[in-house]
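The data block below is input_22.cif; it holds mmCIF, C-alpha atoms.
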```cif
data_coords
#
loop_
_atom_site.label_atom_id
_atom_site.label_comp_id
_atom_site.auth_asym_id
_atom_site.auth_seq_id
_atom_site.Cartn_x
_atom_site.Cartn_y
_atom_site.Cartn_z
CA MET I 16 130.17 114.66 104.03
CA ILE I 17 129.00 113.64 100.56
CA GLN I 18 130.61 110.25 101.01
CA TYR I 19 128.82 109.79 104.35
CA ILE I 20 125.48 110.73 102.79
CA GLU I 21 126.04 108.18 100.04
CA GLN I 22 126.80 105.62 102.72
CA ILE I 23 123.59 106.08 104.73
CA LEU I 24 121.26 106.96 101.85
CA PRO I 25 120.36 103.32 100.96
CA ALA I 26 119.13 102.72 104.53
CA LEU I 27 117.11 105.95 104.48
CA LEU I 28 115.56 105.08 101.12
CA SER I 29 114.68 101.62 102.40
CA GLY I 30 112.98 103.26 105.37
CA THR I 31 111.19 105.64 103.00
CA LYS I 32 109.84 102.64 101.11
CA MET I 33 108.30 101.31 104.33
CA THR I 34 106.89 104.75 105.16
CA LEU I 35 105.29 105.04 101.72
CA SER I 36 103.86 101.53 101.97
CA ILE I 37 102.09 102.37 105.25
CA PHE I 38 100.94 105.68 103.76
CA PHE I 39 99.47 104.32 100.53
CA TRP I 40 97.72 101.27 101.96
CA THR I 41 96.24 103.27 104.82
CA LEU I 42 94.95 105.86 102.38
CA ILE I 43 93.57 103.32 99.91
CA CYS I 44 91.71 101.39 102.61
CA SER I 45 90.61 104.10 105.05
CA ILE I 46 89.05 106.59 102.63
CA PRO I 47 86.41 104.21 101.18
CA LEU I 48 85.84 102.65 104.61
CA GLY I 49 85.39 106.12 106.06
CA ALA I 50 82.80 106.97 103.41
CA ILE I 51 80.89 103.75 104.14
CA LEU I 52 80.96 104.38 107.90
CA ALA I 53 79.78 107.95 107.32
CA LEU I 54 76.68 106.59 105.58
CA GLY I 55 76.03 104.56 108.72
CA LEU I 56 76.56 107.61 110.92
CA VAL I 57 73.91 109.61 109.06
CA SER I 58 71.46 106.71 108.85
CA ASN I 59 68.24 106.46 110.85
CA PHE I 60 69.18 103.08 112.37
CA LYS I 61 69.96 104.19 115.92
CA PRO I 62 71.82 101.04 117.17
CA LEU I 63 74.22 101.25 114.22
CA VAL I 64 74.74 104.98 114.78
CA TRP I 65 75.49 104.32 118.46
CA VAL I 66 78.04 101.59 117.71
CA LEU I 67 79.79 103.73 115.08
CA ASN I 68 79.85 106.73 117.41
CA VAL I 69 81.53 104.61 120.11
CA TYR I 70 84.10 103.40 117.55
CA ASP I 71 84.67 106.97 116.38
CA TRP I 72 85.08 108.17 119.99
CA LEU I 73 87.61 105.44 120.81
CA MET I 74 89.71 105.95 117.68
CA ARG I 75 89.75 109.75 117.76
CA GLY I 76 89.89 110.03 121.54
CA THR I 77 93.05 107.97 122.08
CA PRO I 78 96.54 108.56 120.62
CA LEU I 79 97.49 106.60 117.52
CA LEU I 80 100.74 105.67 119.29
CA LEU I 81 98.73 104.00 122.06
CA GLN I 82 96.61 102.16 119.51
CA LEU I 83 99.73 100.82 117.78
CA ILE I 84 101.09 99.53 121.08
CA PHE I 85 97.75 97.96 122.00
CA VAL I 86 97.35 96.19 118.63
CA PHE I 87 100.87 94.74 118.58
CA TYR I 88 101.52 94.10 122.28
CA GLY I 89 98.00 93.95 123.75
CA LEU I 90 95.97 91.81 121.36
CA PRO I 91 98.30 88.76 121.68
CA VAL I 92 97.06 88.51 125.28
CA ILE I 93 93.68 87.40 123.89
CA GLY I 94 95.25 85.27 121.15
CA ILE I 95 95.18 87.79 118.27
CA ILE I 96 98.70 88.04 116.91
CA PHE I 97 99.86 90.33 114.08
CA GLU I 98 103.18 90.62 112.32
CA ARG I 99 104.75 94.05 112.86
CA TYR I 100 103.78 95.41 109.45
CA ASP I 101 100.24 94.02 109.63
CA ALA I 102 99.78 95.43 113.14
CA ALA I 103 100.89 98.88 111.99
CA LEU I 104 98.61 98.80 108.96
CA PHE I 105 95.65 97.54 110.99
CA ALA I 106 96.05 100.28 113.61
CA PHE I 107 96.52 103.01 111.02
CA ILE I 108 93.49 101.94 108.99
CA LEU I 109 91.29 101.76 112.10
CA ASN I 110 92.43 105.20 113.22
CA TYR I 111 92.22 107.03 109.91
CA THR I 112 88.92 105.40 108.97
CA ALA I 113 87.40 107.11 112.01
CA TYR I 114 88.78 110.50 111.00
CA PHE I 115 87.67 110.14 107.39
CA ALA I 116 84.24 108.94 108.55
CA GLU I 117 83.80 112.14 110.54
CA ILE I 118 84.91 114.22 107.56
CA PHE I 119 82.51 112.43 105.22
CA ARG I 120 79.70 112.69 107.76
CA GLY I 121 80.08 116.47 107.68
CA GLY I 122 80.05 116.32 103.90
CA PHE I 123 76.89 114.22 103.72
CA GLN I 124 75.09 116.44 106.22
CA SER I 125 75.95 119.56 104.22
CA VAL I 126 74.19 118.23 101.10
CA PRO I 127 70.60 119.58 101.03
CA ARG I 128 67.89 116.98 101.65
CA GLY I 129 66.19 118.24 98.51
CA GLN I 130 68.81 116.37 96.50
CA PHE I 131 67.39 113.06 97.74
CA GLU I 132 63.84 114.17 97.00
CA SER I 133 64.81 115.19 93.48
CA ALA I 134 66.44 111.79 92.98
CA ARG I 135 63.21 110.06 94.04
CA VAL I 136 61.30 112.11 91.48
CA LEU I 137 63.78 110.88 88.87
CA ARG I 138 63.13 107.32 90.14
CA LEU I 139 66.74 106.75 91.12
CA SER I 140 67.47 104.05 93.68
CA TYR I 141 69.22 104.90 96.94
CA GLY I 142 72.47 103.43 95.62
CA GLN I 143 72.24 105.41 92.39
CA THR I 144 71.47 108.58 94.33
CA ILE I 145 74.50 108.16 96.55
CA ARG I 146 76.81 107.18 93.72
CA LYS I 147 75.74 109.62 91.01
CA ILE I 148 74.46 112.66 92.89
CA ILE I 149 75.62 112.77 96.51
CA ILE I 150 79.18 111.40 96.37
CA PRO I 151 80.40 113.88 93.68
CA GLN I 152 79.10 116.80 95.76
CA VAL I 153 80.49 115.42 99.01
CA PHE I 154 83.89 114.84 97.40
CA LYS I 155 84.23 118.53 96.52
CA ILE I 156 83.10 119.58 100.01
CA VAL I 157 85.46 117.30 101.96
CA LEU I 158 88.53 117.48 99.70
CA PRO I 159 90.36 120.21 101.72
CA SER I 160 89.80 118.31 104.99
CA ILE I 161 90.94 115.05 103.41
CA GLY I 162 94.04 116.87 102.19
CA ASN I 163 94.92 117.87 105.74
CA GLU I 164 94.60 114.27 106.92
CA VAL I 165 96.77 113.07 104.03
CA ILE I 166 99.56 115.41 105.13
CA ASN I 167 99.13 114.27 108.74
CA LEU I 168 99.36 110.65 107.61
CA VAL I 169 102.76 111.22 106.03
CA LYS I 170 104.07 112.46 109.38
CA ASP I 171 102.14 109.98 111.55
CA SER I 172 103.71 107.09 109.66
CA SER I 173 106.86 107.75 111.71
CA LEU I 174 105.05 106.31 114.76
CA VAL I 175 105.57 102.74 113.52
CA TYR I 176 109.07 102.84 115.04
CA VAL I 177 107.45 102.03 118.39
CA ILE I 178 106.78 98.46 117.28
CA GLY I 179 110.17 98.05 115.65
CA LEU I 180 109.34 98.61 111.97
CA GLY I 181 112.21 99.88 109.85
CA ASP I 182 110.65 103.10 108.62
CA LEU I 183 112.39 106.32 107.59
CA LEU I 184 112.65 107.81 111.09
CA ARG I 185 113.97 104.57 112.59
CA ALA I 186 116.66 104.38 109.88
CA GLY I 187 117.68 107.94 110.72
CA ASN I 188 117.75 107.23 114.46
CA VAL I 189 119.90 104.13 113.98
CA ALA I 190 122.43 106.05 111.88
CA THR I 191 122.46 108.95 114.36
CA ALA I 192 123.07 106.68 117.37
CA ARG I 193 125.73 104.69 115.54
CA ASP I 194 127.68 107.60 114.06
CA VAL I 195 126.98 110.26 116.74
CA THR I 196 125.88 112.90 114.22
CA LEU I 197 122.59 114.67 113.52
CA LEU I 198 123.10 114.62 109.76
CA PRO I 199 120.93 111.50 109.24
CA LEU I 200 118.02 113.20 111.03
CA VAL I 201 118.52 116.32 108.90
CA LEU I 202 118.21 114.11 105.81
CA VAL I 203 115.13 112.45 107.32
CA GLY I 204 113.57 115.88 107.75
CA ILE I 205 114.37 116.81 104.15
CA ILE I 206 112.78 113.59 102.87
CA TYR I 207 109.62 114.20 104.95
CA LEU I 208 109.44 117.77 103.62
CA ALA I 209 109.77 116.44 100.07
CA LEU I 210 106.98 113.89 100.64
CA THR I 211 104.61 116.47 102.12
CA ALA I 212 105.45 118.90 99.31
CA ILE I 213 104.57 116.27 96.69
CA CYS I 214 101.29 115.49 98.47
CA THR I 215 100.45 119.22 98.67
CA VAL I 216 101.04 119.72 94.95
CA VAL I 217 98.98 116.66 94.02
CA LEU I 218 96.12 117.77 96.29
CA LYS I 219 96.14 121.28 94.82
CA VAL I 220 95.93 119.81 91.32
CA ILE I 221 92.98 117.62 92.37
CA GLU I 222 91.23 120.59 94.01
CA LYS I 223 91.76 122.72 90.90
CA ARG I 224 90.32 120.02 88.65
CA SER I 225 87.37 119.37 90.96
CA SER I 226 86.50 123.09 90.92
CA VAL I 227 85.82 122.73 87.19
CA TRP I 228 82.94 120.35 88.00
CA ARG I 229 81.03 122.97 89.99
#
```
Kindly transcribe the structure held in the file into structure tokens.
Amino acid sequence: MIQYIEQILPALLSGTKMTLSIFFWTLICSIPLGAILALGLVSNFKPLVWVLNVYDWLMRGTPLLLQLIFVFYGLPVIGIIFERYDAALFAFILNYTAYFAEIFRGGFQSVPRGQFESARVLRLSYGQTIRKIIIPQVFKIVLPSIGNEVINLVKDSSLVYVIGLGDLLRAGNVATARDVTLLPLVLVGIIYLALTAICTVVLKVIEKRSSVWR
């Protein structure tokens, strides 16, 4: 059994590399985009709020799997063609930006309006108020919810198999079908558990450090 594990491990690690790539780039892009969209959602400009609400409804109201299929197989019909990896990343960023925007919107709305009034008294600009006063408070409020989405993202990354990307789950499925054994999928499960465990520990450390700022 050890020999078999050594034989399939390179393919699983290669798939893990793809999974981590989707995970990190989605996280890096969607969190700041979500924060920016949340500012639009809580703005007083009604047309912008309406457009963002429609976007939020579409992204959160349809399965991510369906969005992946639409981006890779549907958009070429109108002349928009993505490579497999780019299509996966585009769909993931669109989807998770909507979820993070909703999380940040809740965070912004939970900050008392008096904070903005105090900033005006101190003659801070809107940008300075958001950056120096509001964002630090919102970060502490939304951190647990962001943590949940981070864990979900690790698992959701397995959906890229539907467009033929060689991620961790696809590598396990290929080995299972070829060798007629469930051992590769057991190893896939162990790797996913390890990834989510690492994310959980990192998030707990961040939460503990952020509690010091209160």
Who sits within 7 Å of stretch 199-213 of chain I, only C-alpha atoms, same chain under 4 positions skipped, as a PyMOL selection string: chain I and resi 166+169+183-184+187-188+190-191+217
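Nearest residue to I:Tyr111, choosing from I:Leu35, I:Val66, I:Leu81, I:Leu42 and counting all atoms listed in the file: I:Leu42.
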Selection under test: the PyMOL selection byres ((chain I and resi 50) around 12); residues as a PyMOL selection string: chain I and resi 43-49+51-57+111-123+145-146+149-150+153-154+157+161
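If only C-alpha atoms are the atoms counted, then among I:Leu83, I:Val92, I:Ile17, I:Ala103 the closest residue to I:Thr34 is I:Ala103.
Non-sequential neighbours of I:Met33 (distance at most 9 Å, separation of 4 or more positions within a chain, only C-alpha atoms) are Leu28, Ser29, Ile37, Phe38, Leu180, Gly181, Asp182 and Leu183 of chain I.
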I:Ile148 surroundings by all atoms listed in the file, 12 Å radius, close-in-sequence under 4 positions cut, as a ChimeraX atom specification: /I:123,126-135,137,139-144,152-155
Option closest in space to I:Thr41, from I:Val216, I:Ser125, I:Asp101, I:Ser225 [counting all atoms listed in the file]: I:Asp101
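Separating atom CA of I:Ala102 from atom CA of I:Ala186 is a distance of 19.4 Å.
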Result set of the PyMOL selection byres ((chain I and resi 98) around 12) on the coordinates above, as number ranges by chain: I: 86-88, 90-91, 95-97, 99-105, 178-180
